[in-house]
>>> print(open('data20.tsv').read())   # TSV, C-alpha atoms
chain	number	residue	atom	x	y	z
A	1	MET	CA	0.00	0.00	0.00
A	2	ARG	CA	2.86	2.40	0.79
A	3	HIS	CA	4.33	1.66	-2.62
A	4	PHE	CA	1.07	2.71	-4.31
A	5	ALA	CA	0.87	5.92	-2.25
A	6	PHE	CA	4.43	6.81	-3.19
A	7	ILE	CA	3.75	6.24	-6.90
A	8	ALA	CA	0.58	8.34	-6.73
A	9	PHE	CA	2.51	11.10	-4.96
A	10	ALA	CA	5.32	10.97	-7.55
A	11	ILE	CA	2.84	11.16	-10.44
A	12	SER	CA	1.09	14.09	-8.81
A	13	MET	CA	4.36	15.97	-8.33
A	14	PHE	CA	5.38	15.27	-11.94
A	15	MET	CA	2.07	16.62	-13.24
A	16	ASN	CA	2.49	19.77	-11.14
A	17	LEU	CA	5.98	20.29	-12.56
A	18	CYS	CA	4.68	19.92	-16.10
A	19	ALA	CA	1.90	22.40	-15.39
A	20	CYS	CA	4.47	24.96	-14.23
A	21	ASN	CA	6.26	24.75	-17.59
A	22	ASP	CA	3.03	25.67	-19.39
A	23	ASP	CA	3.34	29.29	-18.25
A	24	LYS	CA	4.48	30.47	-21.69
A	25	ARG	CA	2.78	30.16	-25.02
A	26	PRO	CA	4.32	30.85	-28.40
A	27	ILE	CA	3.15	33.95	-30.26
A	28	THR	CA	4.25	35.82	-33.36
A	29	LEU	CA	6.45	38.90	-33.37
A	30	THR	CA	3.47	40.99	-34.49
A	31	GLU	CA	1.59	39.99	-31.32
A	32	LEU	CA	4.13	41.79	-29.16
A	33	PRO	CA	3.22	45.28	-27.91
A	34	ARG	CA	4.11	47.87	-30.56
A	35	TYR	CA	6.92	49.35	-28.48
A	36	SER	CA	8.51	45.89	-28.16
A	37	GLN	CA	8.25	45.30	-31.90
A	38	SER	CA	9.89	48.66	-32.56
A	39	PHE	CA	12.66	47.90	-30.06
A	40	VAL	CA	13.49	44.60	-31.78
A	41	LYS	CA	13.47	46.17	-35.25
A	42	THR	CA	15.52	49.19	-34.17
A	43	TYR	CA	18.24	47.57	-32.06
A	44	PHE	CA	18.37	44.03	-33.47
A	45	PRO	CA	17.58	44.53	-37.18
A	46	ASP	CA	20.01	41.90	-38.47
A	47	LYS	CA	19.12	39.16	-36.00
A	48	GLN	CA	16.77	36.36	-36.88
A	49	VAL	CA	13.96	35.82	-34.37
A	50	SER	CA	13.62	32.12	-33.58
A	51	ALA	CA	10.75	32.25	-31.06
A	52	VAL	CA	8.49	34.68	-29.22
A	53	PHE	CA	6.64	33.77	-26.04
A	54	LYS	CA	3.99	35.36	-23.88
A	55	GLU	CA	3.68	34.47	-20.23
A	56	VAL	CA	0.07	33.39	-19.73
A	57	HIS	CA	0.02	33.23	-15.95
A	58	GLY	CA	1.16	36.05	-13.73
A	59	LYS	CA	2.53	39.25	-15.23
A	60	ASN	CA	1.89	38.61	-18.97
A	61	ASP	CA	5.52	39.34	-19.82
A	62	TYR	CA	7.10	38.58	-23.20
A	63	GLU	CA	10.31	36.92	-24.33
A	64	VAL	CA	12.01	37.13	-27.72
A	65	LEU	CA	14.67	34.54	-28.58
A	66	PHE	CA	17.07	34.91	-31.48
A	67	SER	CA	18.69	32.13	-33.48
A	68	ASP	CA	22.17	33.10	-32.22
A	69	GLY	CA	21.16	32.74	-28.55
A	70	ALA	CA	20.45	36.41	-27.81
A	71	LYS	CA	17.34	37.12	-25.75
A	72	ILE	CA	15.13	40.07	-24.79
A	73	GLU	CA	12.51	40.03	-22.06
A	74	PHE	CA	9.75	42.64	-22.08
A	75	THR	CA	7.22	43.68	-19.45
A	76	SER	CA	3.50	43.41	-20.11
A	77	LYS	CA	3.57	47.08	-21.17
A	78	GLY	CA	6.26	46.38	-23.76
A	79	ASP	CA	9.27	47.92	-22.01
A	80	TRP	CA	12.51	45.93	-22.13
A	81	ASP	CA	13.37	44.27	-18.84
A	82	GLU	CA	16.41	42.16	-19.68
A	83	VAL	CA	18.68	41.95	-22.71
A	84	LYS	CA	21.33	39.28	-23.31
A	85	ASP	CA	23.63	39.02	-26.29
A	86	ARG	CA	26.95	37.24	-26.00
A	87	ASP	CA	28.04	38.06	-29.56
A	88	ALA	CA	31.51	39.40	-30.24
A	89	ASP	CA	30.30	42.96	-29.72
A	90	GLY	CA	27.64	42.43	-27.03
A	91	ILE	CA	24.32	44.19	-26.86
A	92	PRO	CA	23.62	47.37	-28.80
A	93	THR	CA	23.93	50.41	-26.55
A	94	GLY	CA	21.65	52.92	-28.25
A	95	PHE	CA	18.88	52.40	-25.71
A	96	LEU	CA	21.15	52.66	-22.66
A	97	PRO	CA	21.93	55.83	-20.69
A	98	LYS	CA	25.00	57.54	-22.21
A	99	ALA	CA	26.63	57.86	-18.77
A	100	MET	CA	26.65	54.06	-18.44
A	101	VAL	CA	28.08	53.47	-21.90
A	102	ASN	CA	30.74	56.14	-21.32
A	103	TYR	CA	31.68	54.67	-17.93
A	104	VAL	CA	32.17	51.18	-19.35
A	105	SER	CA	34.25	52.37	-22.30
A	106	ALA	CA	36.39	54.68	-20.11
A	107	ASN	CA	37.05	52.17	-17.32
A	108	PHE	CA	37.08	48.80	-19.07
A	109	SER	CA	39.05	49.12	-22.27
A	110	GLY	CA	37.99	46.52	-24.82
A	111	ALA	CA	35.09	45.27	-22.67
A	112	TYR	CA	31.48	45.45	-23.70
A	113	ILE	CA	28.07	44.76	-22.17
A	114	ILE	CA	26.68	41.27	-22.77
A	115	GLU	CA	23.74	41.38	-20.36
A	116	ILE	CA	21.65	44.04	-18.67
A	117	ASN	CA	18.74	43.73	-16.24
A	118	LYS	CA	16.53	46.67	-15.42
A	119	GLU	CA	15.36	46.70	-11.82
A	120	HIS	CA	13.10	49.21	-10.06
A	121	SER	CA	15.87	51.65	-9.21
A	122	LYS	CA	18.97	50.31	-10.92
A	123	PHE	CA	20.57	48.50	-13.83
A	124	GLU	CA	22.60	45.35	-13.30
A	125	VAL	CA	25.18	44.93	-16.04
A	126	GLU	CA	27.50	42.06	-16.96
A	127	LEU	CA	30.55	42.65	-19.14
A	128	ASN	CA	32.19	40.11	-21.44
A	129	ASN	CA	35.14	39.90	-19.04
A	130	GLY	CA	32.89	38.64	-16.23
A	131	ILE	CA	32.75	41.88	-14.26
A	132	GLU	CA	29.30	42.79	-12.97
A	133	LEU	CA	28.38	46.42	-12.35
A	134	VAL	CA	25.40	48.25	-10.88
A	135	PHE	CA	24.22	51.64	-12.18
A	136	ASP	CA	21.37	53.92	-11.16
A	137	LEU	CA	18.57	54.62	-13.62
A	138	TYR	CA	20.48	57.61	-15.01
A	139	GLY	CA	23.51	55.45	-15.81
A	140	ASN	CA	25.70	56.59	-12.94
A	141	PHE	CA	28.00	53.90	-11.56
A	142	LEU	CA	27.03	52.72	-8.08
A	143	ARG	CA	29.15	49.68	-7.30
A	144	TYR	CA	30.53	46.36	-8.41
A	145	ASP	CA	28.08	43.49	-8.06
A	146	ASP	CA	28.91	40.23	-6.29
>>> encode(input="data20.tsv", output="structure tokens")
Amino acid sequence: MRHFAFIAFAISMFMNLCACNDDKRPITLTELPRYSQSFVKTYFPDKQVSAVFKEVHGKNDYEVLFSDGAKIEFTSKGDWDEVKDRDADGIPTGFLPKAMVNYVSANFSGAYIIEINKEHSKFEVELNNGIELVFDLYGNFLRYDD
């Protein structure tokens, strides 16, 4: 009897895990909010989109995946939330505060940004050399991240 209860419990847990992975559904690029579509076309014009997802439970966020492994996450309103691109030149910087871009180029010769996360009051940035930095929303350097 204990064996049966364990199997039933294991099946139940497996089904719950599978249900958690159903939080995203594939959509087309044109189903993204307009601002998100414009962001992709403006800053990643040469990249091929491989998949676009919409979170169906929770915040209704979006995710755009590119064939080369780059990724952008957008909020439900269409604002970028996270950008990753580990290409040889990193992410485009046209949408970032100039102070941040200037700080990185002045203090880390040859380094470039490969990942950025926008938080409520700060940006968390990772450089291609492994250094992680934190900036305020205006692009002013705050500290190194752990």
>>> closest_residue(input="data20.tsv", among="A:Asp68, A:Glu124, A:Glu115, A:Asp79", to="A:Gly139", atoms="all atoms listed in the file")
A:Glu124
>>> residues_around(input="data20.tsv", residues="A:Phe39", least_positions_apart="3", cutoff="9 Å", atoms="only C-alpha atoms", output="list in words")
Arg34, Tyr35, Ser36, Thr42, Tyr43, Phe44, Asp79, Trp80 and Phe95 of chain A
>>> closest_residue(input="data20.tsv", among="A:Pro97, A:Gly110, A:Gly58, A:Pro92", to="A:Tyr138", atoms="only C-alpha atoms")
A:Pro97
>>> atom_distance(input="data20.tsv", atom1="atom CA of A:Asn117", atom2="atom CA of A:Ile72")
10.0 Å
>>> residues_around(input="data20.tsv", residues="A:Phe66", least_positions_apart="5", cutoff="6 Å", atoms="all atoms listed in the file", output="NGL selection string")
:A and (48-50)
>>> atom_distance(input="data20.tsv", atom1="atom CA of A:Lys54", atom2="atom CA of A:Pro26")
6.4 Å
>>> atom_distance(input="data20.tsv", atom1="atom CA of A:Leu96", atom2="atom CA of A:Asp145")
18.6 Å
